[in-house]
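Engineer: I have a structure I would like to understand better, so I am pasting it below and will then ask my questions one at a time.
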Amino acid sequence: MVSRVIPVDDFDLVVFGATGDLAQRKILPALFRRFVAGQIPESARIIGAARTEQDDAAFRDEARRAISEHGRVPQDDPRLARFLELLAYTAVDAKGDGGWADLKARMREGAVHAFYFSVAPALFGDIAERLASHGIADRDSRIVVEKPFGRDLQTARDLNDMLARHFGEQQIYRIDHYLGKETVQNLMAVRFANILFEPLWNSQYVDHVQITVAETVGVAGRGSYYDKSGAIRDMVQNHMMQLLCLIAMEPPYHFDPNAVRDEKLKVIRALQPVEPDDIVRGQYQGDGKSTGYAEDAENPATRTESYVAMKVCISNWRWQGTPFYLRTGKKLRARTSEIAVVFREPPHSIFDDTGAPKANELVIRLQPNEGMNLKVMIKEPGPGGMRLVQVPLDMSFADALGQDGSDMPDAYERLIMDVIRGNQTLFMRGDEVEAAWAWTDPIIAAWEDSKRRPEPYDAGSSGPEEALRLMHRDNRRWREIRP
Ligand code: NAP
């Protein structure tokens with residue numbers, strides 16, 4: 001099955017921070033791939049902006065190297081040469097007034113104008129201010145802001161207020177790249193385009209839900225940055241919260257940005273506070289071969305968590321009595337992200353002697369190998385009576401849709417094209433971000449007030465023992481973390 005590519009309107013996209021890591025590793029390669037797919041018109045303009053003084057040619061050379069390395073394409077690929085012609089560069093300082101008039105002169109009448117803030121959040125306000133004061137942005141322009149969006153409720157509010165001085169909410173695209181993943185959007189398709197699941201999607205039939213985001217890498221290299229954040233701020237408040245919302249939300253009346261985001265917001269507002277006994281924090285240990293978290297963070301006294309597991313309850317009619325267990329961590333035994341919806345066991349087994357039926361599980365894999373897997377009970381084939389066995393109905397999206405993984409657009413490709421199209425469905429609204437912080441802040445504050453230290457866990461393990469007990473206590477168990 002070949003996916004249909006609908007070209008976007010002509011646009012001028014300014015990438016602030018174009019010389020930085022995110023732009024070079026993700027944004028420029030993503031734009032190149034959409035260009036190759038035929039989605040970006042040849043007339044579009046991508047203007048890099050940062051303080052570094054360089055001309056268009058030097059920026060194109062830098063972009064060629066970055067796209068070749070991160071987009072796995074030869075530097076002399078003729079498609080790359082054509083793409084580079086779309087690129088231009090203007091030196092600007094977010095904190096000064098030099099360069100802004102040049103930038104304004106480069107913007108074309110009649111094209112969609114988008115401004116990607118791929119810079120430290122401390123510069124968001126300066127850039128927004130100058131875009132407005134130099135008359136570069138107008139009421140139709142869009143701005144894209146990167147994570148982290150605040151580090152608590154107050155800082156998120158301040159950021160929202162600062163952006164709101166110059167831009168309306170319908171112009172602001174807050175990126176959570178998890179929302180751009182194919183499977184995450186598929187969650188909505190699976191739930192709301194099939195009759196099959198909806199009648200079972202509630203506490204009467206769902207025993208619990210597990211959301212796992214496991215990484216094998218540690219924080220070495222960016223430890224001092226990560227140490228000010230930790231797993232709750234870095235993963236739970238944003239990515240995992242978004243996944244939880246998509247699983248738990250009510251059907252929106254329409255697949256429309258505000259209708260979807262209204263329903264997600266209701267879930268966040270219905271989250272109960274997390275009890276101290278319902279959360280486990282961990283830190284990976286060094287083992288002689290590899291360094292431990294404290295060493296990577298360059299902070300021997302650190303209490304920041306590189307792992308967290310928690311039980312989360314949603315106080316509403318649909319989910320009362322069905323806990324959601326979230327866990328995420330660094331240096332775990334495999335890199336995997338998945339959501340498992342574990343159904344209740346059948347109320348009565350008619351197969352007395354041959355093993356009771358096990359609970360059905362719907363597992364939605366985000367990475368690697370995006371897909372879904374539904375575990376069902378069947379009769380074990382062969383003679384010799386009725387023996388039951390659980391088998392997976394397994395669907396890899398890449399296999400099912402006839403694409404090798406390399407053809408699937410990555411999250412940044414999809415999200416940037418949505419910005420140009422003016423579709424905010426996969427972006428977080430300001431009130432959503434604030435509500436998520438309002439729920440997370442007390443969890444972080446309670447930990448900061450406590451004298452406890454994170455539980456140690458071995459690099460390459462599944463996390464601290466205490467996290468297993470969090471589940472065992474409720475007569476449940478985590479799914480194995482495996483690739
Ligand atoms: P980075 O590598 O440090 O790049 C920062 C960029 O900002 C550079 O291009 C820098 O260029 C420019 N810059 C710095 N000060 C400036 C100023 N006063 N005026 C104009 N430009 C200025 O950072 P990054 O890793 O790309 O991250 C960018 C944003 O994305 C951050 O908000 C980060 O949290 C977020 N993010 C990054 C990643 C990632 O994988 N890297 C992932 C998720 C989110 P000059 O020095 O030439 O000015």
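By convention here, the chains of the structure tokens are called A, B, ... in the order presented, each chain's residues are numbered starting at 1, and ligands are numbered starting at 1 in the order presented.
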Check which residues fall inside 6 Å of ligand 1 when counting only C-alpha atoms and all ligand atoms, and print them as an MDAnalysis selection string.

Structural biologist: chainID A and resid 17:23 50:52 92:95 118:121 146:148

Engineer: Applying 8 Å and only C-alpha atoms, which residues near Val219 in chain A remain after dropping the ones on its own chain fewer than 3 positions away? List them as a ChimeraX atom specification.

Structural biologist: /A:222-223,226,293,296-297,330

Engineer: For Tyr307 in chain A, which of A:Ile279, A:Val391, A:Met162, A:Leu179 is the closest residue, counting only C-alpha atoms?

Structural biologist: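 Of the candidates, the smallest distance to Tyr307 in chain A is held by A:Ile279.
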
Engineer: Here is a test: counting only C-alpha atoms, which residue of A:Glu380, A:Glu129, A:Glu182, A:Glu413 is nearest to Pro368 in chain A?

Structural biologist: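 Ranked by minimum distance to Pro368 in chain A, first place goes to A:Glu182.
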
Engineer: So which residues of range 93-217 of chain A fall under helix (DSSP H, G or I) by DSSP, listed as a VMD selection string?

Structural biologist: chain A and resid 100 to 106 121 to 133 153 to 164 169 to 171 177 to 180 182 to 192 198 to 200

Engineer: Which is closest to Leu243 in chain A among A:Gln185, A:Lys289, A:Val206, A:Glu298, if we use only C-alpha atoms?

Structural biologist: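 Of the candidates, the smallest distance to Leu243 in chain A is held by A:Gln185.
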
Engineer: Fewer than 2 positions away in the same chain doesn't count, so skip those; otherwise give me all residues within 12 Å of range 75-77 of chain A, counting only C-alpha atoms, as a ChimeraX atom specification.

Structural biologist: /A:32,36,60-73,79-84

Engineer: Just to be explicit: take each residue in the selection above, keep N, CA and C atoms, and write the result as a compact mmCIF listing (two decimals), in the first residue's frame.

Structural biologist:
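Saved to result_33.txt:
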# COMPACT_ATOMS: atom_id res chain seq x y z
N PHE A 32 14.09 17.35 4.60
CA PHE A 32 14.62 16.74 3.37
C PHE A 32 13.75 15.55 2.95
N VAL A 36 11.72 14.95 -0.51
CA VAL A 36 11.89 13.79 -1.39
C VAL A 36 10.54 13.10 -1.62
N ARG A 60 24.34 25.94 3.73
CA ARG A 60 23.95 24.80 2.90
C ARG A 60 24.97 23.67 3.03
N ASP A 61 26.26 24.03 3.12
CA ASP A 61 27.29 23.01 3.28
C ASP A 61 27.11 22.26 4.60
N GLU A 62 26.85 23.06 5.63
CA GLU A 62 26.64 22.47 6.97
C GLU A 62 25.42 21.54 6.93
N ALA A 63 24.35 22.02 6.29
CA ALA A 63 23.12 21.23 6.19
C ALA A 63 23.37 19.96 5.38
N ARG A 64 24.18 20.07 4.30
CA ARG A 64 24.46 18.89 3.47
C ARG A 64 25.10 17.79 4.33
N ARG A 65 26.10 18.20 5.15
CA ARG A 65 26.78 17.22 5.97
C ARG A 65 25.82 16.61 7.00
N ALA A 66 25.01 17.47 7.62
CA ALA A 66 24.10 16.98 8.67
C ALA A 66 23.05 16.03 8.08
N ILE A 67 22.47 16.41 6.95
CA ILE A 67 21.41 15.57 6.37
C ILE A 67 22.00 14.25 5.87
N SER A 68 23.21 14.35 5.32
CA SER A 68 23.85 13.13 4.84
C SER A 68 24.10 12.17 6.01
N GLU A 69 24.60 12.71 7.10
CA GLU A 69 24.91 11.85 8.25
C GLU A 69 23.64 11.32 8.92
N HIS A 70 22.70 12.22 9.21
CA HIS A 70 21.54 11.81 10.01
C HIS A 70 20.37 11.32 9.16
N GLY A 71 20.39 11.69 7.88
CA GLY A 71 19.32 11.21 7.00
C GLY A 71 19.78 10.04 6.15
N ARG A 72 21.01 9.58 6.40
CA ARG A 72 21.58 8.43 5.68
C ARG A 72 21.37 8.54 4.17
N VAL A 73 21.96 9.61 3.61
CA VAL A 73 21.86 9.82 2.18
C VAL A 73 23.25 10.31 1.72
N ARG A 79 19.02 14.70 -5.25
CA ARG A 79 17.83 15.22 -4.55
C ARG A 79 18.26 16.15 -3.41
N LEU A 80 19.40 15.84 -2.81
CA LEU A 80 19.91 16.69 -1.73
C LEU A 80 20.31 18.05 -2.31
N ALA A 81 20.95 18.03 -3.46
CA ALA A 81 21.36 19.31 -4.09
C ALA A 81 20.12 20.16 -4.37
N ARG A 82 19.04 19.54 -4.83
CA ARG A 82 17.81 20.31 -5.13
C ARG A 82 17.20 20.86 -3.84
N PHE A 83 17.24 20.03 -2.80
CA PHE A 83 16.68 20.47 -1.52
C PHE A 83 17.46 21.65 -0.96
N LEU A 84 18.79 21.60 -1.08
CA LEU A 84 19.62 22.66 -0.49
C LEU A 84 19.32 24.02 -1.11
